Amino acid sequence: MTTASTRPIRVLVAKVGLDGHDRGLRIVARILRDGGCEVVYGGLRQTPETITATVIEEDVDVVGLSMHNGAHLTLGPAVVDALRRAGLSTPVILGGIVPEVDVGRLKDAGVVAVLGPGAPGDEVLEAVRSAAGSAGRDD
Amino acid sequence: MADREQWQAEYDRSRLRRKRFETMSGLPLEPVYGPDDAELPGQWPFTRGPYASMYRSRLWTMRQFAGFGTATDTNARFKELLAAGGNGLSTAFDMPTLLGRDSDDPLAKGEVGRAGVAVDTVADMEALFDGIDLGAVSTSMTINSAASVLMAMYIGVADRTGVDRAALAGTVQNDILKEYQAQKEYVFPPRPSVRLVTDLIRYATSELPRWHPVSISGYHIREAGSTAAQELAFTLANGFAYVEAAVAAGLAVDEFAPRLSFFFNAHIDFFEEIAKYRAARRIWARWLRTRYGAAEERSWQLRFHTQTAGVSLTAQQPEVNLARVAIEALAGVLGGTQSLHTDSYDEALALPTERAARLALRTQQVIAEETGVAHVADPLGGSWFLEALTDELDGKAEALFARIGEAGNGSMLEGVIAGIEDGWFCSEIADASYRFQANLASGQWIQVGVNGYTDGDDSVTSTLYIDPEVEVRQLADLAEVKQRRDDEAVRRSLRRLQHEAADPEVNLMPALIDATAAYATVGESMSALESVFGTWSEPPVG
């Protein structure tokens, strides 16, 4: 990371599925922006396909998904799969209301980090930096 | 003075729920306290409550919101809640239903029966209320974009079970304006959506005398991060917008205003919340009487439901949420709420378990039966602090109304729509939410277990598990209904719906009642409307 490129980390933040609770999404977008990231605000009602298209178009380094509707076990892995099918290794972080018992299953499905409700800003930034670092941005 | 006599006469006419009201130690209690010239409950301007006898006649309705899985699963939870002493049903629908999509819609995948109950056709609605007499309960349905469709199905169930439509009692949320501002469960653009709301208000005015066709909701505005003053002002502004829309559709204000109801948040800042409810009643009375010319007292009286603040609950040390919910619920009661939902302590983690939901209801029962706070109307009225805070919130709300009215060239309806279209409401709320988050980060606001007093047990033993089989069962049920229905009748009813949607003069409720009775799905009815109304997406976030 010491010789990391000067380009800031570019993060896509979005909600997949039908749920519209975007308070967390909007706050995370500002935390990341204040923390020096470039934020691509994907907003509401995204699908695995639209997420993948945005990642390609906007050259995104990390994807952050916000979920509050109990559909994370279906939609989290679906986004990871869509990215991998498109040949992308972009890391996916999930935040929101996710029961503890589901965290392991999400990680097994390729989600790199799960942030619970009330995660402080530093933790959010750290998760994004660590995901961007481990994704091998030098390749 | 005359006010006092009027109040006394109304109080004397009220049926009381017990003979004596006294403290635990036997001191007798007056129904309300204050100097001779004090404002009184049930009297203009209603700051102290809509009724003269308040909870001495009837306690608030303990209305716990429930819904998950299939209609049969939720039906069982309803029956448990009724058996446990709850007296109002409240239905949570799953995300696809809320947005008018069928369970077999590709976008519904993973969301069927998750955050509420899945309803595709009137057959699901029948299963949801199986064995419950719709003429004997009061039902609240929390749905907005697809409210008219679900209401049509509820009426269909009443028709099938021989319950007179006029006997149906309850509320459908049907408040689309706050969806664009806060909760974001919109489908159509604002104007045709307001027409759907107005159609249901008109229909209920003539056919459903015991039904509240809209519950104007600040709850979601607050959950999205607004301040108390914004919650108060934006909610009431939306209320004024519906009044203007219904009057423009040809109704007289006194015909429908008595059945408009409200829904507020009960957040953790105790006195600010109580002041908010008091200010809301006073502002509504003032505007309905002076601005909209309502002549009936019932049109001036603001009645509201309260829910404790989901957003105040923490995933850290979740049992602490029991304390938060108790304090918030108490604020709702001291503020004179007509019904109350208490959140379960595990809701920051998952959908509530049965045990957590029962504890939430028990919290209300402790307030009602043990604390004595329901004996006296507006017990904190007259507190210098509370009265000053009430006045201050009233003033802040008026300043926001002025801003909205200006944006609408004098029309609150136009002002609200303008603020939706240019993203003003969303950015005001997002700014407030970010300010709170910054205070939390800097430690200026301490949230127990989150940024203070963090040592403790964060683990939660069990959360509600939604069986993935729910989706499979729901899809099978839907396929079966589609198999046995008369497709030609469905097509015919949908063509009529589409045709009538194109004519803004026609009330769409009869066409929706026909379509759903023919087993048209939620998704089919919404698609027919969408083909005429189009869809909405929010303005870009800067």
# chains A, B, ... in the order shown; residues from 1 in each chain; ligands from 1

$ residues_around --residues "B:Arg473" --least-positions-apart "3" --cutoff "12 Å" --atoms "only C-alpha atoms" --output "compact mmCIF listing (two decimals) with C-alpha atoms, in the first residue's frame"
# COMPACT_ATOMS: atom_id res chain seq x y z
CA GLY B 69 -43.84 -15.54 5.54
CA THR B 70 -47.03 -16.66 3.92
CA ALA B 71 -50.50 -15.41 4.75
CA THR B 72 -51.07 -18.56 6.81
CA ASP B 73 -47.98 -17.88 8.95
CA SER B 103 -43.96 -13.16 -5.94
CA ASP B 104 -42.94 -14.62 -9.32
CA VAL B 112 -40.87 -13.03 -0.85
CA GLY B 113 -42.27 -13.22 2.69
CA ALA B 118 -46.58 -11.94 0.72
CA ASP B 124 -53.83 -14.73 0.03
CA ASP B 467 -37.63 -20.51 6.06
CA PRO B 468 -36.53 -20.20 2.40
CA GLU B 469 -39.36 -22.65 1.72
CA VAL B 470 -41.73 -19.67 2.13
CA ALA B 476 -46.75 -22.70 -5.85
CA ASP B 477 -49.88 -21.05 -4.41
CA LEU B 478 -49.71 -18.28 -6.97
CA ALA B 479 -49.31 -20.73 -9.85
CA GLU B 480 -52.32 -22.65 -8.58

$ residues_around --residues "B:Leu349" --least-positions-apart "6" --cutoff "9 Å" --atoms "only C-alpha atoms" --output "PyMOL selection string"
(chain A and resi 97-100+116-117) or (chain B and resi 314-315+318+460+463)

$ write_last_selection --atoms "N, CA and C atoms" --output "compact mmCIF listing (two decimals), in the first residue's frame"
# COMPACT_ATOMS: atom_id res chain seq x y z
N ILE A 97 -28.74 -4.55 8.17
CA ILE A 97 -29.24 -5.50 9.17
C ILE A 97 -29.04 -6.92 8.67
N VAL A 98 -27.99 -7.53 9.19
CA VAL A 98 -27.64 -8.90 8.79
C VAL A 98 -27.44 -9.71 10.07
N PRO A 99 -28.30 -10.71 10.30
CA PRO A 99 -28.11 -11.51 11.52
C PRO A 99 -26.73 -12.18 11.53
N GLU A 100 -26.16 -12.24 12.74
CA GLU A 100 -24.83 -12.81 12.95
C GLU A 100 -24.67 -14.17 12.27
N GLY A 116 -22.13 -4.21 10.53
CA GLY A 116 -23.43 -4.22 11.21
C GLY A 116 -23.98 -2.81 11.37
N PRO A 117 -25.22 -2.71 11.87
CA PRO A 117 -25.81 -1.39 12.11
C PRO A 117 -24.98 -0.67 13.17
N THR B 314 -30.32 -0.33 19.09
CA THR B 314 -28.94 -0.65 18.75
C THR B 314 -28.74 -2.16 18.64
N ALA B 315 -27.84 -2.52 17.75
CA ALA B 315 -27.46 -3.93 17.62
C ALA B 315 -26.54 -4.32 18.77
N PRO B 318 -28.31 -5.53 22.78
CA PRO B 318 -29.69 -5.32 22.34
C PRO B 318 -30.73 -5.30 23.45
N VAL B 460 -26.88 -12.08 20.87
CA VAL B 460 -28.31 -12.33 20.97
C VAL B 460 -28.51 -13.81 20.71
N THR B 463 -32.65 -15.21 16.70
CA THR B 463 -33.42 -14.27 15.91
C THR B 463 -34.40 -15.08 15.06

$ residues_around --residues "A:Val112" --least-positions-apart "6" --cutoff "9 Å" --atoms "only C-alpha atoms" --output "compact mmCIF listing (two decimals) with all heavy atoms, in the first residue's frame"
# COMPACT_ATOMS: atom_id res chain seq x y z
N PRO A 91 -14.07 -6.51 -4.98
CA PRO A 91 -14.60 -6.97 -3.69
C PRO A 91 -15.96 -6.34 -3.36
O PRO A 91 -16.22 -5.18 -3.72
CB PRO A 91 -13.54 -6.52 -2.68
CG PRO A 91 -12.76 -5.45 -3.36
CD PRO A 91 -12.86 -5.67 -4.83
N VAL A 92 -16.80 -7.12 -2.68
CA VAL A 92 -18.13 -6.66 -2.30
C VAL A 92 -18.22 -6.63 -0.77
O VAL A 92 -17.93 -7.62 -0.11
CB VAL A 92 -19.22 -7.59 -2.87
CG1 VAL A 92 -20.60 -7.21 -2.33
CG2 VAL A 92 -19.21 -7.57 -4.39
N ILE A 93 -18.63 -5.46 -0.23
CA ILE A 93 -18.86 -5.31 1.20
C ILE A 93 -20.35 -5.12 1.40
O ILE A 93 -21.01 -4.44 0.61
CB ILE A 93 -18.11 -4.07 1.76
CG1 ILE A 93 -16.61 -4.24 1.57
CG2 ILE A 93 -18.45 -3.82 3.22
CD1 ILE A 93 -15.80 -3.01 1.97
N LEU A 94 -20.89 -5.72 2.46
CA LEU A 94 -22.32 -5.61 2.71
C LEU A 94 -22.53 -4.92 4.06
O LEU A 94 -21.81 -5.22 5.02
CB LEU A 94 -22.89 -7.03 2.73
CG LEU A 94 -24.31 -7.22 2.25
CD1 LEU A 94 -24.43 -8.55 1.54
CD2 LEU A 94 -25.24 -7.19 3.43
N LEU A 106 -22.35 -15.54 4.07
CA LEU A 106 -22.06 -14.48 3.10
C LEU A 106 -20.58 -14.47 2.73
O LEU A 106 -20.21 -14.31 1.58
CB LEU A 106 -22.48 -13.12 3.68
CG LEU A 106 -23.99 -12.88 3.73
CD1 LEU A 106 -24.33 -11.66 4.57
CD2 LEU A 106 -24.56 -12.74 2.32
N ALA A 127 -12.65 -0.95 6.34
CA ALA A 127 -13.10 -2.11 5.57
C ALA A 127 -12.91 -1.87 4.07
O ALA A 127 -12.50 -2.75 3.32
CB ALA A 127 -14.57 -2.39 5.87
N ALA A 131 -10.32 -3.83 1.75
CA ALA A 131 -10.85 -4.57 0.59
C ALA A 131 -10.13 -4.12 -0.68
O ALA A 131 -9.73 -4.94 -1.52
CB ALA A 131 -12.34 -4.33 0.45

$ closest_atom_pairs --of "chain B" --to "chain A" --cutoff "8 Å" --atoms "only C-alpha atoms" --output "Markdown table"
| residue | atom | partner | partner_atom | distance |
| --- | --- | --- | --- | --- |
| B:Met95 | CA | A:Leu18 | CA | 6.2 |
| B:Pro96 | CA | A:Leu18 | CA | 7.0 |
| B:Leu99 | CA | A:Leu18 | CA | 7.6 |
| B:Leu107 | CA | A:Gly17 | CA | 6.6 |
| B:Ala108 | CA | A:Gly17 | CA | 7.5 |
| B:Lys109 | CA | A:Thr74 | CA | 7.5 |
| B:Gly110 | CA | A:Ala71 | CA | 5.0 |
| B:Glu111 | CA | A:Ala71 | CA | 5.3 |
| B:Arg114 | CA | A:Gly70 | CA | 5.7 |
| B:Ala115 | CA | A:Asn69 | CA | 5.7 |
| B:Ala182 | CA | A:His21 | CA | 7.9 |
| B:Gln183 | CA | A:His21 | CA | 5.9 |
| B:Lys184 | CA | A:Gly20 | CA | 4.8 |
| B:Glu185 | CA | A:Gly20 | CA | 5.9 |
| B:Ala224 | CA | A:Arg23 | CA | 5.3 |
| B:Gly225 | CA | A:Arg23 | CA | 6.8 |
| B:Thr314 | CA | A:Gly118 | CA | 7.1 |
| B:Ala315 | CA | A:Pro117 | CA | 6.3 |
| B:Ala348 | CA | A:Ile97 | CA | 6.5 |
| B:Leu349 | CA | A:Pro99 | CA | 5.5 |
| B:Ala350 | CA | A:Pro99 | CA | 5.9 |
| B:Ala430 | CA | A:Arg26 | CA | 7.0 |
| B:Ser433 | CA | A:Arg23 | CA | 7.5 |
| B:Tyr434 | CA | A:Ile27 | CA | 6.1 |
| B:Gln437 | CA | A:Ile27 | CA | 7.8 |
| B:Ala441 | CA | A:Pro120 | CA | 7.1 |
| B:Val450 | CA | A:Gly118 | CA | 7.0 |
| B:Thr463 | CA | A:Pro99 | CA | 7.4 |
| B:Val541 | CA | A:Tyr41 | CA | 7.4 |

$ write_last_selection --atoms "N, CA and C atoms" --output "short mmCIF file (atom, residue, chain, number, x, y, z; two decimals), in the first residue's frame"
data_model
loop_
_atom_site.label_atom_id
_atom_site.label_comp_id
_atom_site.auth_asym_id
_atom_site.auth_seq_id
_atom_site.Cartn_x
_atom_site.Cartn_y
_atom_site.Cartn_z
N MET B 95 -41.67 -6.78 0.69
CA MET B 95 -41.27 -5.71 -0.24
C MET B 95 -41.94 -5.85 -1.61
N PRO B 96 -41.99 -7.05 -2.19
CA PRO B 96 -42.66 -7.13 -3.50
C PRO B 96 -44.11 -6.66 -3.43
N LEU B 99 -44.48 -2.91 -3.26
CA LEU B 99 -44.20 -2.23 -4.52
C LEU B 99 -45.06 -2.76 -5.65
N LEU B 107 -37.69 -9.51 -9.99
CA LEU B 107 -37.12 -8.62 -8.98
C LEU B 107 -37.54 -9.00 -7.55
N ALA B 108 -38.49 -9.90 -7.43
CA ALA B 108 -38.95 -10.30 -6.09
C ALA B 108 -38.06 -11.39 -5.48
N LYS B 109 -37.18 -11.93 -6.28
CA LYS B 109 -36.38 -13.07 -5.82
C LYS B 109 -35.63 -12.74 -4.53
N GLY B 110 -35.79 -13.62 -3.53
CA GLY B 110 -35.12 -13.41 -2.26
C GLY B 110 -35.89 -12.53 -1.29
N GLU B 111 -36.96 -11.90 -1.73
CA GLU B 111 -37.68 -10.97 -0.86
C GLU B 111 -39.09 -11.44 -0.52
N ARG B 114 -40.21 -12.05 3.29
CA ARG B 114 -39.06 -11.76 4.16
C ARG B 114 -39.38 -10.71 5.22
N ALA B 115 -39.67 -9.50 4.75
CA ALA B 115 -39.86 -8.40 5.70
C ALA B 115 -41.34 -8.17 6.01
N ALA B 182 -38.99 10.04 1.97
CA ALA B 182 -38.26 9.29 3.00
C ALA B 182 -38.16 7.79 2.77
N GLN B 183 -39.29 7.11 2.64
CA GLN B 183 -39.20 5.65 2.67
C GLN B 183 -38.89 5.06 1.29
N LYS B 184 -39.18 5.80 0.23
CA LYS B 184 -38.78 5.47 -1.13
C LYS B 184 -39.47 4.23 -1.72
N GLU B 185 -40.67 3.94 -1.23
CA GLU B 185 -41.43 2.85 -1.84
C GLU B 185 -42.47 3.43 -2.80
N ALA B 224 -35.75 8.24 8.57
CA ALA B 224 -34.77 8.56 7.53
C ALA B 224 -33.76 9.59 8.02
N GLY B 225 -33.96 10.12 9.23
CA GLY B 225 -32.94 10.97 9.81
C GLY B 225 -33.34 12.40 10.07
N THR B 314 -30.32 -0.33 19.09
CA THR B 314 -28.94 -0.65 18.75
C THR B 314 -28.74 -2.16 18.64
N ALA B 315 -27.84 -2.52 17.75
CA ALA B 315 -27.46 -3.93 17.62
C ALA B 315 -26.54 -4.32 18.77
N ALA B 348 -32.94 -4.38 15.64
CA ALA B 348 -31.75 -3.89 14.92
C ALA B 348 -30.96 -5.06 14.36
N LEU B 349 -31.38 -6.26 14.72
CA LEU B 349 -30.64 -7.45 14.30
C LEU B 349 -31.39 -8.25 13.25
N ALA B 350 -32.68 -8.30 13.38
CA ALA B 350 -33.48 -9.15 12.49
C ALA B 350 -34.95 -8.84 12.74
N ALA B 430 -31.40 14.26 4.66
CA ALA B 430 -30.05 13.67 4.64
C ALA B 430 -29.06 14.55 5.41
N SER B 433 -29.64 13.95 9.09
CA SER B 433 -29.16 12.62 9.44
C SER B 433 -27.64 12.61 9.57
N TYR B 434 -26.99 13.33 8.67
CA TYR B 434 -25.53 13.39 8.71
C TYR B 434 -25.03 14.17 9.93
N GLN B 437 -25.13 11.88 12.81
CA GLN B 437 -24.05 10.91 12.73
C GLN B 437 -22.72 11.54 13.15
N ALA B 441 -20.21 10.51 16.10
CA ALA B 441 -18.79 10.24 15.87
C ALA B 441 -17.92 11.08 16.80
N VAL B 450 -22.96 2.00 22.10
CA VAL B 450 -22.41 2.26 20.77
C VAL B 450 -21.13 3.08 20.87
N THR B 463 -32.65 -15.21 16.70
CA THR B 463 -33.42 -14.27 15.91
C THR B 463 -34.40 -15.08 15.06
N VAL B 541 -28.62 12.29 -6.54
CA VAL B 541 -28.11 12.79 -5.27
C VAL B 541 -26.81 13.53 -5.54
#

$ select_by_dssp --residues "stretch 29-124 of chain A" --states "alpha helix (DSSP H)" --output "ChimeraX atom specification"
/A:29-34,48-58,72-85,100-108,121-124

$ select_by_dssp --residues "stretch 243-486 of chain B" --states "strand (DSSP E or B)" --output "ChimeraX atom specification"
/B:260-266,304-308,339-341,448,452

$ residues_around --residues "stretch 254-263 of chain B" --least-positions-apart "2" --cutoff "9 Å" --atoms "only C-alpha atoms" --output "VMD selection string"
chain B and resid 171 173 201 to 202 204 to 205 209 to 219 235 to 236 239 243 246 251 to 252 265 288 293 to 307

$ write_last_selection --atoms "C-alpha atoms" --output "CSV table (one decimal), in the first residue's frame"
chain,number,residue,atom,x,y,z
B,171,THR,CA,-56.6,2.2,8.5
B,173,GLN,CA,-51.5,3.9,5.4
B,201,ILE,CA,-60.4,9.0,0.3
B,202,ARG,CA,-63.5,9.6,-1.9
B,204,ALA,CA,-64.1,5.6,1.8
B,205,THR,CA,-66.1,8.8,2.3
B,209,PRO,CA,-67.7,5.2,7.2
B,210,ARG,CA,-65.5,3.5,9.8
B,211,TRP,CA,-62.3,3.4,7.7
B,212,HIS,CA,-59.4,5.8,7.8
B,213,PRO,CA,-58.3,6.0,4.1
B,214,VAL,CA,-54.9,7.6,4.8
B,215,SER,CA,-52.5,7.7,7.7
B,216,ILE,CA,-50.3,10.7,7.2
B,217,SER,CA,-46.9,9.5,8.4
B,218,GLY,CA,-44.0,11.3,9.9
B,219,TYR,CA,-42.6,8.0,11.2
B,235,THR,CA,-46.0,15.4,7.9
B,236,LEU,CA,-48.5,18.1,8.4
B,239,GLY,CA,-51.7,16.4,5.3
B,243,VAL,CA,-56.7,18.1,2.0
B,246,ALA,CA,-59.5,16.0,-2.0
B,251,LEU,CA,-65.2,16.8,-1.6
B,252,ALA,CA,-66.2,19.3,1.2
B,265,ASN,CA,-42.4,8.5,15.6
B,288,LEU,CA,-58.1,23.2,9.2
B,293,GLY,CA,-62.6,26.5,6.5
B,294,ALA,CA,-63.5,23.3,8.3
B,295,ALA,CA,-66.6,23.9,10.5
B,296,GLU,CA,-66.8,20.6,12.3
B,297,GLU,CA,-64.9,20.1,15.5
B,298,ARG,CA,-64.0,16.6,14.4
B,299,SER,CA,-62.2,18.0,11.4
B,300,TRP,CA,-60.0,20.0,13.6
B,301,GLN,CA,-59.0,17.1,15.9
B,302,LEU,CA,-55.8,15.4,15.0
B,303,ARG,CA,-55.7,11.8,16.0
B,304,PHE,CA,-52.5,9.7,15.7
B,305,HIS,CA,-50.8,6.4,15.9
B,306,THR,CA,-47.3,6.2,17.3
B,307,GLN,CA,-44.5,3.7,16.9

$ atom_distance --atom1 "atom CA of B:Gly310" --atom2 "atom CA of B:Gly170"
23.1 Å

$ residues_around --residues "stretch 4-15 of chain A" --least-positions-apart "4" --cutoff "7 Å" --atoms "only C-alpha atoms" --output "short mmCIF file (atom, residue, chain, number, x, y, z; two decimals) with all heavy atoms, in the first residue's frame"
data_model
loop_
_atom_site.label_atom_id
_atom_site.label_comp_id
_atom_site.auth_asym_id
_atom_site.auth_seq_id
_atom_site.Cartn_x
_atom_site.Cartn_y
_atom_site.Cartn_z
N LEU A 25 -27.20 4.25 3.49
CA LEU A 25 -26.49 4.38 2.22
C LEU A 25 -25.98 5.82 2.04
O LEU A 25 -24.84 6.05 1.67
CB LEU A 25 -27.44 4.01 1.08
CG LEU A 25 -26.83 3.90 -0.31
CD1 LEU A 25 -25.95 2.65 -0.38
CD2 LEU A 25 -27.91 3.83 -1.38
N ALA A 29 -22.11 7.03 2.07
CA ALA A 29 -21.57 7.75 0.92
C ALA A 29 -20.80 8.99 1.40
O ALA A 29 -19.70 9.27 0.92
CB ALA A 29 -22.71 8.17 -0.02
N GLY A 36 -11.92 10.52 1.76
CA GLY A 36 -11.02 10.60 0.61
C GLY A 36 -11.33 9.64 -0.53
O GLY A 36 -10.58 9.57 -1.51
N CYS A 37 -12.43 8.89 -0.44
CA CYS A 37 -12.79 7.99 -1.54
C CYS A 37 -13.57 8.76 -2.60
O CYS A 37 -14.17 9.80 -2.32
CB CYS A 37 -13.67 6.85 -1.02
SG CYS A 37 -12.87 5.81 0.19
N GLU A 38 -13.58 8.21 -3.80
CA GLU A 38 -14.48 8.71 -4.83
C GLU A 38 -15.72 7.84 -4.79
O GLU A 38 -15.63 6.62 -4.90
CB GLU A 38 -13.84 8.57 -6.21
CG GLU A 38 -13.08 9.79 -6.65
CD GLU A 38 -12.52 9.63 -8.04
OE1 GLU A 38 -13.14 8.94 -8.88
OE2 GLU A 38 -11.45 10.19 -8.27
N VAL A 39 -16.87 8.46 -4.60
CA VAL A 39 -18.09 7.68 -4.43
C VAL A 39 -18.95 7.73 -5.69
O VAL A 39 -19.23 8.81 -6.20
CB VAL A 39 -18.90 8.20 -3.22
CG1 VAL A 39 -20.24 7.49 -3.12
CG2 VAL A 39 -18.10 8.01 -1.94
N VAL A 40 -19.30 6.57 -6.16
CA VAL A 40 -20.28 6.48 -7.24
C VAL A 40 -21.59 6.10 -6.56
O VAL A 40 -21.70 5.00 -6.00
CB VAL A 40 -19.87 5.40 -8.28
CG1 VAL A 40 -20.91 5.32 -9.39
CG2 VAL A 40 -18.48 5.70 -8.83
N TYR A 41 -22.57 7.01 -6.56
CA TYR A 41 -23.82 6.74 -5.84
C TYR A 41 -24.80 6.02 -6.77
O TYR A 41 -25.39 6.63 -7.65
CB TYR A 41 -24.43 8.06 -5.32
CG TYR A 41 -25.60 7.85 -4.39
CD1 TYR A 41 -25.40 7.58 -3.04
CD2 TYR A 41 -26.91 7.89 -4.88
CE1 TYR A 41 -26.46 7.37 -2.19
CE2 TYR A 41 -27.98 7.68 -4.02
CZ TYR A 41 -27.76 7.41 -2.68
OH TYR A 41 -28.82 7.20 -1.85
N GLY A 42 -24.91 4.72 -6.56
CA GLY A 42 -25.79 3.91 -7.42
C GLY A 42 -27.25 4.04 -7.04
O GLY A 42 -28.14 3.83 -7.85
N GLY A 43 -27.51 4.36 -5.74
CA GLY A 43 -28.88 4.57 -5.30
C GLY A 43 -29.70 3.30 -5.21
O GLY A 43 -29.17 2.21 -4.95
N LEU A 44 -31.00 3.47 -5.45
CA LEU A 44 -31.98 2.42 -5.16
C LEU A 44 -32.23 1.46 -6.32
O LEU A 44 -31.98 1.80 -7.47
CB LEU A 44 -33.32 3.07 -4.80
CG LEU A 44 -33.31 4.08 -3.66
CD1 LEU A 44 -34.70 4.67 -3.49
CD2 LEU A 44 -32.83 3.43 -2.39
N ARG A 45 -32.81 0.28 -5.94
CA ARG A 45 -33.37 -0.67 -6.90
C ARG A 45 -32.37 -1.12 -7.96
O ARG A 45 -32.71 -1.26 -9.13
CB ARG A 45 -34.60 -0.07 -7.60
CG ARG A 45 -35.57 0.59 -6.67
CD ARG A 45 -36.82 -0.20 -6.44
NE ARG A 45 -37.59 0.40 -5.37
CZ ARG A 45 -38.57 1.29 -5.54
NH1 ARG A 45 -38.93 1.65 -6.75
NH2 ARG A 45 -39.20 1.78 -4.50
N GLN A 46 -31.13 -1.33 -7.55
CA GLN A 46 -30.15 -1.86 -8.49
C GLN A 46 -30.27 -3.38 -8.54
O GLN A 46 -30.81 -4.01 -7.63
CB GLN A 46 -28.74 -1.44 -8.06
CG GLN A 46 -28.55 0.07 -8.05
CD GLN A 46 -28.76 0.69 -9.42
OE1 GLN A 46 -28.17 0.27 -10.41
NE2 GLN A 46 -29.65 1.69 -9.48
N VAL A 60 -14.80 0.84 -10.99
CA VAL A 60 -14.98 0.83 -9.54
C VAL A 60 -14.03 -0.16 -8.87
O VAL A 60 -13.80 -1.25 -9.39
CB VAL A 60 -16.46 0.48 -9.23
CG1 VAL A 60 -16.66 0.07 -7.79
CG2 VAL A 60 -17.37 1.65 -9.61
N ASP A 61 -13.48 0.24 -7.70
CA ASP A 61 -12.57 -0.64 -6.96
C ASP A 61 -13.28 -1.52 -5.93
O ASP A 61 -12.86 -2.64 -5.68
CB ASP A 61 -11.53 0.22 -6.20
CG ASP A 61 -10.74 1.09 -7.15
OD1 ASP A 61 -10.25 0.56 -8.17
OD2 ASP A 61 -10.63 2.30 -6.88
N VAL A 62 -14.29 -0.96 -5.31
CA VAL A 62 -14.99 -1.69 -4.23
C VAL A 62 -16.50 -1.44 -4.38
O VAL A 62 -16.91 -0.31 -4.67
CB VAL A 62 -14.54 -1.20 -2.83
CG1 VAL A 62 -15.30 -1.92 -1.73
CG2 VAL A 62 -13.04 -1.39 -2.65
N VAL A 63 -17.28 -2.49 -4.15
CA VAL A 63 -18.74 -2.33 -4.17
C VAL A 63 -19.26 -2.42 -2.73
O VAL A 63 -18.92 -3.35 -2.00
CB VAL A 63 -19.42 -3.43 -5.02
CG1 VAL A 63 -20.94 -3.36 -4.90
CG2 VAL A 63 -18.99 -3.31 -6.48
N GLY A 64 -20.06 -1.44 -2.33
CA GLY A 64 -20.70 -1.47 -1.01
C GLY A 64 -22.20 -1.57 -1.18
O GLY A 64 -22.82 -0.73 -1.83
N LEU A 65 -22.78 -2.63 -0.60
CA LEU A 65 -24.23 -2.83 -0.72
C LEU A 65 -24.88 -2.60 0.64
O LEU A 65 -24.36 -3.03 1.66
CB LEU A 65 -24.54 -4.26 -1.15
CG LEU A 65 -23.96 -4.74 -2.47
CD1 LEU A 65 -24.32 -6.22 -2.67
CD2 LEU A 65 -24.47 -3.90 -3.63
N SER A 66 -26.02 -1.92 0.65
CA SER A 66 -26.75 -1.69 1.89
C SER A 66 -28.04 -2.50 1.84
O SER A 66 -28.79 -2.42 0.87
CB SER A 66 -27.06 -0.19 2.00
OG SER A 66 -28.00 0.03 3.02
N MET A 67 -28.28 -3.30 2.89
CA MET A 67 -29.46 -4.18 2.86
C MET A 67 -30.17 -4.20 4.20
O MET A 67 -29.56 -4.38 5.24
CB MET A 67 -29.02 -5.60 2.51
CG MET A 67 -28.24 -5.62 1.21
SD MET A 67 -28.40 -7.19 0.36
CE MET A 67 -30.13 -7.20 0.05
#

$ closest_residue --among "A:Gly133, A:Pro77, A:Gly35, A:Pro48" --to "A:Arg105" --atoms "only C-alpha atoms"
A:Pro77

$ atom_distance --atom1 "atom CA of B:Val448" --atom2 "atom CA of B:Arg362"
23.2 Å

$ residues_around --residues "B:Phe425" --least-positions-apart "3" --cutoff "6 Å" --atoms "only C-alpha atoms" --output "NGL selection string"
:B and (181 or 419 or 428)

$ atom_distance --atom1 "atom CA of B:Glu392" --atom2 "atom CA of B:Glu223"
21.8 Å

$ closest_residue --among "B:Val333, B:Leu440, B:Ala515, B:Val532" --to "B:Ala152" --atoms "only C-alpha atoms"
B:Ala515

$ residues_around --residues "B:Glu421" --least-positions-apart "2" --cutoff "9 Å" --atoms "only C-alpha atoms" --output "list in words"
Tyr180, Pro190, Val416, Ile417, Ala418, Gly419, Gly423, Trp424, Glu538 and Pro539 of chain B

$ closest_residue --among "B:Trp60, B:Phe401, B:Tyr51, B:Phe46" --to "B:Gln365" --atoms "only C-alpha atoms"
B:Trp60

$ closest_residue --among "A:Asp59, A:Ser134, A:Thr50, A:Arg129" --to "A:Leu88" --atoms "only C-alpha atoms"
A:Asp59
